[in-house]
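Below: one structure, written as structure tokens.
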Amino acid sequence: MMNQLMQNMVANEKLMYHWHEMMQKNPSILMHTMSDWVSQMKEEPELMKNMLGPMTSEPQLREKMIESMKSHSKMENSLKMHSEWMDSVHHEMMNSGMHSTCSWCPNYQMHTSSPSMGFENSDRMMDVIHAIWVNSGMSNDMHRLMIQNPTHLAQMSYQLMDPMLDAIMDDEDLRQQMIKLMLENPEFMNSIRHENPETSN
């Protein structure tokens, strides 16, 4: 019964918007959630697709994701050292809109919908939220339901993208996994490719 209640909570956009706001105001809860997700993604790599899928496919989230990657020194260095990433970024784009510069490698040479703001508060629902937070077993179950729901993660990305990505990019193994998933996403890679000066007219 409790599991069904938590599933319903995760599927409720207004409720989860409020949940995310509460996480922003409580760093310990946010850190606990991110820590759980890192452990779960290490055990089940497929879960990272749920988190990165919305970020790489929605243009607005994609731009925020790229900016977050640029500001993360470990991620930036990993990208510069990743030959497949560097080659892929410098392939010519299939369509127009190519970037004129490359933030990751200026000297590289080619070798070949907003969430609803409203939330109907109720004392009972607040009690349920806090009951989940203080119970480690229930909070772990809730975190798993959250990361298994791509629709929820898309909404959460608008509010908490930086800590979500930092949790991945701070971990070497997950960082490499993230790069691999981005390389497998043609739409995302096409959005950051730019014209190679050596091949431009």
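FYI, nothing fancy with the structure tokens labels: chains A, B, ... in order, residues from 1 per chain, ligands from 1 as they appear.
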Shell around Met164 (chain A) at 10 Å using only C-alpha atoms, local window under 3 positions removed, as an mmCIF file with C-alpha atoms, in the first residue's frame:
data_model
loop_
_atom_site.group_PDB
_atom_site.id
_atom_site.type_symbol
_atom_site.label_atom_id
_atom_site.label_comp_id
_atom_site.auth_asym_id
_atom_site.auth_seq_id
_atom_site.Cartn_x
_atom_site.Cartn_y
_atom_site.Cartn_z
ATOM 1 C CA LEU A 30 19.236 16.523 -1.376
ATOM 2 C CA MET A 31 22.653 14.964 -0.703
ATOM 3 C CA THR A 33 18.937 11.509 -2.608
ATOM 4 C CA MET A 34 21.932 12.078 -4.879
ATOM 5 C CA TRP A 37 21.063 7.609 -6.992
ATOM 6 C CA VAL A 38 24.815 7.291 -7.490
ATOM 7 C CA MET A 51 18.109 10.875 -15.850
ATOM 8 C CA LEU A 52 20.026 11.950 -18.939
ATOM 9 C CA LEU A 153 13.200 13.339 -13.801
ATOM 10 C CA MET A 156 13.104 17.653 -11.636
ATOM 11 C CA SER A 157 15.777 18.694 -14.136
ATOM 12 C CA GLN A 159 14.649 22.697 -10.705
ATOM 13 C CA LEU A 160 17.689 20.658 -9.698
ATOM 14 C CA MET A 161 19.781 19.922 -12.776
ATOM 15 C CA ALA A 167 26.441 13.740 -8.540
ATOM 16 C CA ILE A 168 27.267 11.943 -11.790
ATOM 17 C CA MET A 169 30.196 14.068 -12.909
#
**Nearest to Leu174 (chain A), chosen from A:His90, A:His152, A:His32, A:Lys49, with only C-alpha atoms counted in the distances** = A:Lys49
**Within 10 Å of Met9 (chain A) using only C-alpha atoms, minus same-chain residues under 5 positions, as a PyMOL selection string** = chain A and resi 3-4+14-16+19+125+129+142+145-146
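The interatomic distance for the pair CA of Pro163 (chain A) and CA of Glu67 (chain A) works out to 13.1 Å.
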**Between CA of Ala131 (chain A) and CA of Glu44 (chain A) - distance in Å to one decimal** = 27.1 Å
**Item:** Distance of CA of Ile132 (chain A) from CA of Met6 (chain A), expressed in Å to one decimal place
**Value:** 9.1 Å
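Proximity to Asp166 (chain A) was assessed for A:Ser68, A:Asn12, A:Thr56, A:Ser136 counting only C-alpha atoms; the smallest distance is recorded for A:Ser68.
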**Message:** If we count only C-alpha atoms and set the cut-off at 9 Å, which residues sit around Ile179 (chain A), ignoring sequence neighbours fewer than 4 positions away in its own chain? Please answer as JSON, numbers by chain.
**Reply:** {"A": [78, 79, 82, 85, 174, 175, 183, 184]}
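Proximity ranking of A:Lys180, A:Ser139, A:Pro186, A:Arg144 relative to Ser83 (chain A) places A:Lys180 first, based on only C-alpha atoms.
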